[in-house]
Amino acid sequence: MEKKSQFLELDNLDTQILSILMNDASVPYTEIAKKLVVSGGTIHVRMKKMEELGIIRGSNLIINPQSIGFDICAFLGIYLEKGSQYKTAVEQLREVKEVVELHYCTGQYSMFAKIICRDTNHLRHVLNEDIQAIKGIARTETIISLEESIKRQISLI
């Protein structure tokens, strides 16, 4: 009996479509179709299929936080009192709008978060009043990013 792969297989056209849109999600399907020498309908059908399969989970407009006054990017190692408090802590961290990413992880921390704040005063408030006040969080360690040097998605080609 042949074992099925747990990963969804993409053909060359799917990969090319995704690569174009991962670089710039605002590219119209008609432009993608011209570039790949297929019909606009083909692009639409392929995109719909990849959305239904869960390969595509939406699209986002990316802003530069610094251009609107959010100068601090920090990473936060979060220690939980008990692992069983993870789900409750996540629910409460969802309410902290400055938390833009949260990962359940192995290693030293229970969770690792990325937070964006206006300045160090804002960061201090978020840490002391919002995050460290969450039941189940024992303590945190903060690492402030001085510069984001690389930010990208995985490469498909």
# chains A, B, ... in the order shown; residues from 1 in each chain; ligands from 1
$ select_by_dssp --residues "segment 13-93 of chain A" --states "alpha helix (DSSP H)" --output "PyMOL selection string"
chain A and resi 13-23+29-36+40-52+86-93
$ write_last_selection --atoms "N, CA and C atoms" --output "compact mmCIF listing (two decimals), in the first residue's frame"
# COMPACT_ATOMS: atom_id res chain seq x y z
N LEU A 13 2.48 25.58 -12.21
CA LEU A 13 1.65 26.77 -12.38
C LEU A 13 1.20 27.33 -11.03
N ASP A 14 0.77 26.44 -10.13
CA ASP A 14 0.38 26.89 -8.79
C ASP A 14 1.55 27.61 -8.11
N THR A 15 2.73 27.02 -8.20
CA THR A 15 3.92 27.60 -7.57
C THR A 15 4.23 28.97 -8.15
N GLN A 16 4.13 29.11 -9.47
CA GLN A 16 4.40 30.40 -10.11
C GLN A 16 3.38 31.45 -9.68
N ILE A 17 2.11 31.07 -9.63
CA ILE A 17 1.05 32.00 -9.21
C ILE A 17 1.33 32.47 -7.78
N LEU A 18 1.58 31.52 -6.89
CA LEU A 18 1.84 31.87 -5.49
C LEU A 18 3.08 32.75 -5.35
N SER A 19 4.12 32.45 -6.09
CA SER A 19 5.35 33.24 -6.00
C SER A 19 5.11 34.69 -6.40
N ILE A 20 4.35 34.90 -7.45
CA ILE A 20 4.03 36.27 -7.89
C ILE A 20 3.23 37.00 -6.81
N LEU A 21 2.20 36.34 -6.29
CA LEU A 21 1.33 37.00 -5.31
C LEU A 21 1.99 37.15 -3.94
N MET A 22 2.90 36.26 -3.58
CA MET A 22 3.63 36.42 -2.32
C MET A 22 4.55 37.62 -2.37
N ASN A 23 5.01 37.95 -3.57
CA ASN A 23 5.86 39.12 -3.75
C ASN A 23 5.03 40.40 -3.75
N TYR A 29 -5.20 39.30 -11.36
CA TYR A 29 -5.16 37.97 -11.96
C TYR A 29 -4.90 38.06 -13.47
N THR A 30 -5.44 39.09 -14.13
CA THR A 30 -5.23 39.22 -15.58
C THR A 30 -3.75 39.43 -15.91
N GLU A 31 -3.06 40.18 -15.07
CA GLU A 31 -1.63 40.41 -15.29
C GLU A 31 -0.83 39.13 -15.06
N ILE A 32 -1.22 38.38 -14.04
CA ILE A 32 -0.56 37.09 -13.77
C ILE A 32 -0.79 36.15 -14.95
N ALA A 33 -2.03 36.13 -15.44
CA ALA A 33 -2.39 35.26 -16.57
C ALA A 33 -1.53 35.59 -17.80
N LYS A 34 -1.37 36.87 -18.10
CA LYS A 34 -0.55 37.28 -19.26
C LYS A 34 0.89 36.82 -19.07
N LYS A 35 1.41 37.02 -17.87
CA LYS A 35 2.81 36.66 -17.60
C LYS A 35 3.03 35.15 -17.72
N LEU A 36 2.05 34.37 -17.30
CA LEU A 36 2.19 32.91 -17.31
C LEU A 36 1.56 32.25 -18.54
N GLY A 40 -7.20 34.26 -17.55
CA GLY A 40 -7.53 34.83 -16.25
C GLY A 40 -8.40 33.88 -15.45
N GLY A 41 -9.28 33.17 -16.15
CA GLY A 41 -10.14 32.18 -15.49
C GLY A 41 -9.34 31.05 -14.85
N THR A 42 -8.27 30.65 -15.51
CA THR A 42 -7.40 29.61 -14.95
C THR A 42 -6.79 30.07 -13.64
N ILE A 43 -6.33 31.30 -13.61
CA ILE A 43 -5.74 31.85 -12.38
C ILE A 43 -6.80 31.87 -11.28
N HIS A 44 -7.98 32.34 -11.62
CA HIS A 44 -9.07 32.41 -10.65
C HIS A 44 -9.41 31.02 -10.09
N VAL A 45 -9.53 30.03 -10.96
CA VAL A 45 -9.86 28.66 -10.55
C VAL A 45 -8.76 28.10 -9.66
N ARG A 46 -7.50 28.31 -10.06
CA ARG A 46 -6.37 27.80 -9.26
C ARG A 46 -6.35 28.46 -7.87
N MET A 47 -6.58 29.76 -7.81
CA MET A 47 -6.58 30.47 -6.53
C MET A 47 -7.71 29.96 -5.64
N LYS A 48 -8.88 29.77 -6.21
CA LYS A 48 -10.03 29.27 -5.44
C LYS A 48 -9.71 27.88 -4.89
N LYS A 49 -9.12 27.03 -5.71
CA LYS A 49 -8.75 25.67 -5.29
C LYS A 49 -7.75 25.74 -4.12
N MET A 50 -6.74 26.60 -4.24
CA MET A 50 -5.72 26.69 -3.18
C MET A 50 -6.30 27.27 -1.89
N GLU A 51 -7.28 28.15 -2.00
CA GLU A 51 -7.96 28.67 -0.81
C GLU A 51 -8.76 27.55 -0.13
N GLU A 52 -9.50 26.78 -0.93
CA GLU A 52 -10.30 25.69 -0.38
C GLU A 52 -9.45 24.61 0.27
N TYR A 86 -1.60 27.37 29.17
CA TYR A 86 -1.31 27.90 27.84
C TYR A 86 -2.54 28.47 27.13
N LYS A 87 -3.61 27.69 27.02
CA LYS A 87 -4.79 28.14 26.26
C LYS A 87 -5.41 29.39 26.87
N THR A 88 -5.48 29.44 28.19
CA THR A 88 -6.04 30.61 28.87
C THR A 88 -5.15 31.83 28.64
N ALA A 89 -3.84 31.63 28.71
CA ALA A 89 -2.91 32.73 28.48
C ALA A 89 -3.03 33.25 27.04
N VAL A 90 -3.16 32.34 26.08
CA VAL A 90 -3.31 32.75 24.67
C VAL A 90 -4.56 33.59 24.50
N GLU A 91 -5.67 33.15 25.08
CA GLU A 91 -6.92 33.91 24.97
C GLU A 91 -6.75 35.33 25.49
N GLN A 92 -6.05 35.47 26.61
CA GLN A 92 -5.84 36.80 27.19
C GLN A 92 -4.83 37.62 26.38
N LEU A 93 -3.81 36.97 25.86
CA LEU A 93 -2.81 37.68 25.04
C LEU A 93 -3.42 38.16 23.72
$ residues_around --residues "Arg139 of chain A" --least-positions-apart "3" --cutoff "9 Å" --atoms "only C-alpha atoms" --output "ChimeraX atom specification"
/A:77-81,132
$ residues_around --residues "Ile115 of chain A" --least-positions-apart "2" --cutoff "8 Å" --atoms "only C-alpha atoms" --output "number ranges by chain"
A: 73-76, 98-101, 113, 117
$ write_last_selection --atoms "N, CA, C and O atoms" --output "tab-separated table (two decimals), in the first residue's frame"
chain	number	residue	atom	x	y	z
A	73	CYS	N	10.04	47.41	18.27
A	73	CYS	CA	9.70	46.01	18.00
A	73	CYS	C	10.46	45.21	19.04
A	73	CYS	O	11.68	45.34	19.16
A	74	ALA	N	9.73	44.42	19.81
A	74	ALA	CA	10.38	43.62	20.85
A	74	ALA	C	9.90	42.18	20.76
A	74	ALA	O	8.78	41.90	20.32
A	75	PHE	N	10.76	41.30	21.20
A	75	PHE	CA	10.43	39.88	21.30
A	75	PHE	C	10.38	39.54	22.77
A	75	PHE	O	11.20	40.00	23.56
A	76	LEU	N	9.40	38.75	23.12
A	76	LEU	CA	9.14	38.49	24.53
A	76	LEU	C	9.12	36.98	24.77
A	76	LEU	O	8.29	36.27	24.21
A	98	GLU	N	-1.01	44.97	20.98
A	98	GLU	CA	0.39	45.15	20.61
A	98	GLU	C	1.08	43.81	20.31
A	98	GLU	O	2.15	43.78	19.71
A	99	VAL	N	0.47	42.70	20.72
A	99	VAL	CA	1.02	41.37	20.41
A	99	VAL	C	0.62	41.05	18.97
A	99	VAL	O	-0.54	40.87	18.66
A	100	VAL	N	1.63	41.01	18.08
A	100	VAL	CA	1.34	40.78	16.66
A	100	VAL	C	1.66	39.35	16.22
A	100	VAL	O	1.21	38.92	15.16
A	101	GLU	N	2.44	38.63	17.01
A	101	GLU	CA	2.72	37.22	16.77
A	101	GLU	C	2.88	36.53	18.11
A	101	GLU	O	3.39	37.13	19.05
A	113	ALA	N	6.68	35.82	21.88
A	113	ALA	CA	5.79	36.80	21.26
A	113	ALA	C	6.58	37.91	20.59
A	113	ALA	O	7.68	38.24	21.01
A	117	CYS	N	5.33	48.50	19.77
A	117	CYS	CA	4.91	49.61	20.63
A	117	CYS	C	5.42	50.94	20.08
A	117	CYS	O	6.35	50.98	19.28
$ atom_distance --atom1 "atom CA of Ile131 of chain A" --atom2 "atom CA of Asp71 of chain A"
19.2 Å
$ closest_residue --among "A:Asn12, A:Lys151, A:Ser84, A:Arg124" --to "Ile62 of chain A" --atoms "only C-alpha atoms"
A:Lys151
$ atom_distance --atom1 "atom CA of Thr140 of chain A" --atom2 "atom CA of Leu127 of chain A"
8.4 Å
